[in-house]
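**Q** File model01.pdb below, PDB, C-alpha atoms, pLDDT in the B column:
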ATOM      1  CA  MET E 260     165.912 144.729 188.401  1.00 66.00           C
ATOM      2  CA  THR E 261     167.416 143.659 191.674  1.00 83.00           C
ATOM      3  CA  GLU E 262     168.992 140.229 191.889  1.00 92.00           C
ATOM      4  CA  LYS E 263     167.734 137.629 194.302  1.00 94.00           C
ATOM      5  CA  THR E 264     170.508 136.338 196.581  1.00 94.00           C
ATOM      6  CA  ALA E 265     170.446 133.211 198.753  1.00 93.00           C
ATOM      7  CA  VAL E 266     171.646 133.685 202.326  1.00 94.00           C
ATOM      8  CA  THR E 267     173.139 130.808 204.314  1.00 91.00           C
ATOM      9  CA  PRO E 268     175.251 131.500 207.410  1.00 92.00           C
ATOM     10  CA  GLU E 269     178.332 129.299 207.915  1.00 89.00           C
ATOM     11  CA  THR E 270     176.832 128.163 211.223  1.00 89.00           C
ATOM     12  CA  HIS E 271     173.872 126.508 209.467  1.00 89.00           C
ATOM     13  CA  ASN E 272     173.502 123.018 208.041  1.00 83.00           C
ATOM     14  CA  ALA E 273     172.619 122.700 204.390  1.00 79.00           C
ATOM     15  CA  PRO E 274     168.829 122.783 203.983  1.00 77.00           C
ATOM     16  CA  PRO E 275     167.229 119.342 203.684  1.00 75.00           C
ATOM     17  CA  ALA E 276     165.553 120.304 200.395  1.00 79.00           C
ATOM     18  CA  ARG E 277     166.038 122.861 197.639  1.00 83.00           C
ATOM     19  CA  PHE E 278     165.497 126.097 199.540  1.00 85.00           C
ATOM     20  CA  SER E 279     167.603 128.800 201.129  1.00 91.00           C
ATOM     21  CA  HIS E 280     167.830 129.769 204.796  1.00 95.00           C
ATOM     22  CA  GLY E 281     167.149 133.292 203.614  1.00 96.00           C
ATOM     23  CA  VAL E 282     166.673 135.252 200.417  1.00 97.00           C
ATOM     24  CA  ARG E 283     167.468 138.899 199.876  1.00 97.00           C
ATOM     25  CA  LYS E 284     166.102 140.933 196.994  1.00 97.00           C
ATOM     26  CA  GLY E 285     166.855 144.626 197.132  1.00 96.00           C
ATOM     27  CA  ASN E 286     166.160 145.817 200.636  1.00 96.00           C
ATOM     28  CA  ILE E 287     163.860 142.879 201.492  1.00 98.00           C
ATOM     29  CA  LEU E 288     165.192 139.856 203.368  1.00 98.00           C
ATOM     30  CA  GLN E 289     162.978 136.836 204.018  1.00 98.00           C
ATOM     31  CA  VAL E 290     164.324 134.399 206.587  1.00 98.00           C
ATOM     32  CA  ALA E 291     163.011 130.881 206.017  1.00 96.00           C
ATOM     33  CA  GLY E 292     161.580 128.934 208.914  1.00 95.00           C
ATOM     34  CA  GLN E 293     164.372 128.192 211.361  1.00 96.00           C
ATOM     35  CA  VAL E 294     164.402 125.566 214.085  1.00 95.00           C
ATOM     36  CA  GLY E 295     166.545 124.978 217.164  1.00 96.00           C
ATOM     37  CA  TYR E 296     169.521 123.249 215.572  1.00 95.00           C
ATOM     38  CA  LEU E 297     172.891 123.869 217.173  1.00 95.00           C
ATOM     39  CA  PRO E 298     175.591 125.429 214.952  1.00 94.00           C
ATOM     40  CA  HIS E 299     176.773 123.138 212.165  1.00 90.00           C
ATOM     41  CA  VAL E 300     179.783 120.886 212.796  1.00 89.00           C
ATOM     42  CA  GLU E 301     181.308 119.442 209.628  1.00 87.00           C
ATOM     43  CA  GLY E 302     180.636 115.728 209.252  1.00 88.00           C
ATOM     44  CA  GLN E 303     177.982 115.615 211.977  1.00 87.00           C
ATOM     45  CA  PRO E 304     174.206 115.525 211.574  1.00 87.00           C
ATOM     46  CA  ALA E 305     172.036 118.429 212.681  1.00 88.00           C
ATOM     47  CA  THR E 306     171.392 118.339 216.437  1.00 92.00           C
ATOM     48  CA  LEU E 307     168.573 120.077 218.325  1.00 95.00           C
ATOM     49  CA  ALA E 308     169.598 122.422 221.128  1.00 96.00           C
ATOM     50  CA  GLY E 309     167.631 120.386 223.617  1.00 94.00           C
ATOM     51  CA  PRO E 310     164.310 118.881 224.385  1.00 96.00           C
ATOM     52  CA  SER E 311     162.834 121.911 226.175  1.00 97.00           C
ATOM     53  CA  LEU E 312     160.860 124.733 224.608  1.00 98.00           C
ATOM     54  CA  ARG E 313     163.246 127.256 226.211  1.00 98.00           C
ATOM     55  CA  GLU E 314     166.365 125.671 224.696  1.00 98.00           C
ATOM     56  CA  GLN E 315     164.805 125.311 221.270  1.00 98.00           C
ATOM     57  CA  THR E 316     163.231 128.794 221.208  1.00 98.00           C
ATOM     58  CA  LEU E 317     166.435 130.586 222.234  1.00 98.00           C
ATOM     59  CA  ARG E 318     168.497 128.630 219.701  1.00 98.00           C
ATOM     60  CA  THR E 319     165.876 129.222 217.001  1.00 98.00           C
ATOM     61  CA  LEU E 320     165.907 132.970 217.649  1.00 98.00           C
ATOM     62  CA  GLU E 321     169.702 132.936 217.406  1.00 97.00           C
ATOM     63  CA  ASN E 322     169.475 131.011 214.132  1.00 97.00           C
ATOM     64  CA  VAL E 323     167.065 133.606 212.744  1.00 98.00           C
ATOM     65  CA  ARG E 324     169.452 136.348 213.904  1.00 97.00           C
ATOM     66  CA  SER E 325     172.337 134.602 212.114  1.00 97.00           C
ATOM     67  CA  VAL E 326     170.426 134.620 208.830  1.00 98.00           C
ATOM     68  CA  LEU E 327     169.439 138.266 209.330  1.00 98.00           C
ATOM     69  CA  GLU E 328     173.072 139.225 209.911  1.00 97.00           C
ATOM     70  CA  ALA E 329     174.342 137.142 206.977  1.00 97.00           C
ATOM     71  CA  GLY E 330     171.848 139.049 204.811  1.00 97.00           C
ATOM     72  CA  GLY E 331     173.016 142.444 206.107  1.00 97.00           C
ATOM     73  CA  ALA E 332     170.141 142.990 208.544  1.00 97.00           C
ATOM     74  CA  SER E 333     169.513 142.965 212.277  1.00 96.00           C
ATOM     75  CA  TRP E 334     166.535 142.462 214.579  1.00 96.00           C
ATOM     76  CA  GLU E 335     165.884 146.207 214.241  1.00 95.00           C
ATOM     77  CA  ASP E 336     165.170 145.599 210.529  1.00 97.00           C
ATOM     78  CA  ALA E 337     162.677 142.799 211.223  1.00 97.00           C
ATOM     79  CA  VAL E 338     159.112 143.915 210.527  1.00 97.00           C
ATOM     80  CA  MET E 339     157.347 140.561 210.901  1.00 98.00           C
ATOM     81  CA  ILE E 340     158.047 137.385 212.839  1.00 97.00           C
ATOM     82  CA  ARG E 341     155.981 134.234 212.509  1.00 97.00           C
ATOM     83  CA  ILE E 342     156.206 131.604 215.225  1.00 97.00           C
ATOM     84  CA  TYR E 343     154.935 128.070 214.817  1.00 97.00           C
ATOM     85  CA  LEU E 344     154.436 125.959 217.934  1.00 97.00           C
ATOM     86  CA  THR E 345     153.532 122.278 218.086  1.00 95.00           C
ATOM     87  CA  ASP E 346     151.520 122.564 221.308  1.00 95.00           C
ATOM     88  CA  THR E 347     148.904 125.153 222.352  1.00 93.00           C
ATOM     89  CA  GLY E 348     150.119 124.693 225.924  1.00 95.00           C
ATOM     90  CA  HIS E 349     153.416 126.392 224.975  1.00 96.00           C
ATOM     91  CA  PHE E 350     151.986 129.848 224.160  1.00 94.00           C
ATOM     92  CA  ALA E 351     152.536 131.435 227.589  1.00 96.00           C
ATOM     93  CA  GLU E 352     156.050 130.024 228.063  1.00 97.00           C
ATOM     94  CA  MET E 353     157.091 130.990 224.527  1.00 96.00           C
ATOM     95  CA  ASN E 354     155.804 134.551 225.074  1.00 95.00           C
ATOM     96  CA  GLU E 355     157.906 134.850 228.254  1.00 96.00           C
ATOM     97  CA  ILE E 356     161.019 133.543 226.471  1.00 97.00           C
ATOM     98  CA  TYR E 357     160.364 135.807 223.451  1.00 95.00           C
ATOM     99  CA  ASP E 358     159.841 138.928 225.593  1.00 94.00           C
ATOM    100  CA  ALA E 359     162.983 138.297 227.647  1.00 95.00           C
ATOM    101  CA  TYR E 360     165.060 137.602 224.533  1.00 95.00           C
ATOM    102  CA  PHE E 361     164.082 140.846 222.811  1.00 95.00           C
ATOM    103  CA  GLU E 362     164.542 142.821 226.016  1.00 94.00           C
ATOM    104  CA  GLU E 363     168.103 141.424 226.264  1.00 94.00           C
ATOM    105  CA  GLN E 364     168.681 142.369 222.615  1.00 92.00           C
ATOM    106  CA  GLY E 365     167.714 145.965 223.389  1.00 92.00           C
ATOM    107  CA  ILE E 366     165.128 146.094 220.592  1.00 89.00           C
ATOM    108  CA  LYS E 367     163.527 149.543 220.482  1.00 83.00           C
ATOM    109  CA  GLU E 368     160.381 148.625 218.561  1.00 86.00           C
ATOM    110  CA  ALA E 369     159.151 145.058 218.498  1.00 85.00           C
ATOM    111  CA  PRO E 370     158.285 143.666 215.072  1.00 91.00           C
ATOM    112  CA  ALA E 371     154.787 142.526 214.286  1.00 93.00           C
ATOM    113  CA  ALA E 372     154.351 138.881 215.216  1.00 93.00           C
ATOM    114  CA  ARG E 373     152.003 136.000 214.680  1.00 93.00           C
ATOM    115  CA  THR E 374     151.998 132.735 216.602  1.00 92.00           C
ATOM    116  CA  THR E 375     150.136 129.655 215.476  1.00 93.00           C
ATOM    117  CA  VAL E 376     150.088 125.964 216.251  1.00 92.00           C
ATOM    118  CA  TYR E 377     151.448 123.723 213.544  1.00 88.00           C
ATOM    119  CA  VAL E 378     151.672 119.998 214.127  1.00 83.00           C
ATOM    120  CA  GLY E 379     153.729 119.186 211.026  1.00 85.00           C
ATOM    121  CA  LEU E 380     157.218 119.690 212.461  1.00 89.00           C
ATOM    122  CA  PRO E 381     159.465 116.623 212.700  1.00 89.00           C
ATOM    123  CA  ALA E 382     159.377 114.650 215.958  1.00 89.00           C
ATOM    124  CA  GLY E 383     161.058 116.472 218.845  1.00 92.00           C
ATOM    125  CA  MET E 384     160.876 119.932 217.280  1.00 95.00           C
ATOM    126  CA  LEU E 385     158.717 122.284 219.326  1.00 97.00           C
ATOM    127  CA  VAL E 386     159.101 125.616 217.527  1.00 97.00           C
ATOM    128  CA  GLU E 387     159.879 127.120 214.126  1.00 97.00           C
ATOM    129  CA  ILE E 388     160.352 130.844 213.480  1.00 97.00           C
ATOM    130  CA  ASP E 389     160.667 132.878 210.292  1.00 97.00           C
ATOM    131  CA  ALA E 390     161.128 136.601 209.787  1.00 98.00           C
ATOM    132  CA  LEU E 391     160.757 139.324 207.200  1.00 98.00           C
ATOM    133  CA  ALA E 392     163.160 142.262 207.305  1.00 98.00           C
ATOM    134  CA  VAL E 393     163.295 145.533 205.389  1.00 98.00           C
ATOM    135  CA  LEU E 394     166.765 147.086 205.269  1.00 95.00           C
ATOM    136  CA  GLY E 395     167.593 150.753 205.070  1.00 85.00           C
TER
END
Would you mind giving the structure from this file in structure tokens?
**A**
Amino acid sequence: MTEKTAVTPETHNAPPARFSHGVRKGNILQVAGQVGYLPHVEGQPATLAGPSLREQTLRTLENVRSVLEAGGASWEDAVMIRIYLTDTGHFAEMNEIYDAYFEEQGIKEAPAARTTVYVGLPAGMLVEIDALAVLG
């Protein structure tokens, strides 16, 4: 049997509850829902990248990428991305940001994706993204 390994990049704050930023088991890596927090600074509370959807989405994508890399994966290994928005009016803007980001990353084949509206994020958070990657 393959061991399950928690994945937490050094740039991330400790999770607010008992969960991992990512979990790898064999060649499967599940990235937990990430939000737009700036990289962790010891002794300081978590800080959002900014109030705008653009700032939060770009930072969130980078946070997902950090977990992927800490787990031995890359965006090329991602097979599914789930995006949670807090406002239906953000779909078009998020799609533009998402498309530009992955174009800049040079991704050959885009992963499957699902976007939904979820109103349960803490105040000020506009987007949460998780990913599933298959390595090798």
**Q** I'd like to know which of E:Thr306, E:Thr270, E:Asn354, E:Asn286 is closest to Gly383 (chain E), using all atoms listed in the file.
**A**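 When distances to Gly383 (chain E) are compared using all atoms listed in the file, the smallest one comes from E:Thr306.
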**Q** So that I can check the surroundings of Ile342 (chain E), please list as a PyMOL selection string every protein, DNA and RNA residue that reaches within 6 Å of it, counting all atoms listed in the file and ignoring chain neighbours fewer than 5 positions away.
**A** chain E and resi 374+387-388
**Q** Go ahead and write the selection's residues with C-alpha atoms as a short mmCIF file (atom, residue, chain, number, x, y, z; two decimals), in the frame of the given file.
**A**
data_model
loop_
_atom_site.label_atom_id
_atom_site.label_comp_id
_atom_site.auth_asym_id
_atom_site.auth_seq_id
_atom_site.Cartn_x
_atom_site.Cartn_y
_atom_site.Cartn_z
CA THR E 374 152.00 132.74 216.60
CA GLU E 387 159.88 127.12 214.13
CA ILE E 388 160.35 130.84 213.48
#
**Q** So that I can see what lies close to Val378 (chain E), please list as JSON, numbers by chain the residues with an atom at most 12 Å from it, counting only C-alpha atoms and leaving out residues fewer than 4 positions away in the same chain.
**A** {"E": [343, 344, 345, 346, 347, 382, 383, 384, 385, 386, 387]}
**Q** Would you mind telling me which residue in E:Val290, E:Leu297, E:Ile340, E:Val326 lies nearest to Glu314 (chain E) when using all atoms listed in the file?
**A**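 Of E:Val290, E:Leu297, E:Ile340, E:Val326, the one nearest Glu314 (chain E) is E:Leu297, counting all atoms listed in the file.
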**Q** For CA of Tyr296 (chain E) and CA of Ala276 (chain E), determine how far apart the two atoms are, in Å to one decimal place.
**A**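 Here the two named atoms are 16.0 Å from each other.
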**Q** On this structure, which residues satisfy the PyMOL selection byres ((chain E and resi 341) around 12), written as a PyMOL selection string?
**A** chain E and resi 289-293+319-320+323+337-340+342-344+357+370-377+386-392
**Q** Have a look at E:Gln315, E:Ala332, E:Asn322, E:Gly295 and name the one nearest to Glu269 (chain E); count all atoms listed in the file.
**A**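 Closest to Glu269 (chain E) of all the choices is E:Asn322.
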**Q** Just the number, please: distance in Å from CA of Leu307 (chain E) to CA of His271 (chain E), one decimal.
**A**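 So the two atoms, CA of Leu307 (chain E) and CA of His271 (chain E), lie 12.2 Å apart.
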**Q** Once the PyMOL selection byres ((chain E and resi 366) around 12) is applied to the coordinates I shared, what remains selected? I want it as number ranges by chain.
**A** E: 333-338, 357-365, 367-370
**Q** Is it possible to get the axis-aligned box enclosing region 291-296 of chain E (all listed atoms, 8 Å extra per side) as lines of an AutoDock Vina configuration file, with centre and edge lengths in Å rounded to one decimal?
**A**
center_x = 165.6
center_y = 127.1
center_z = 211.6
size_x = 23.9
size_y = 23.6
size_z = 27.1
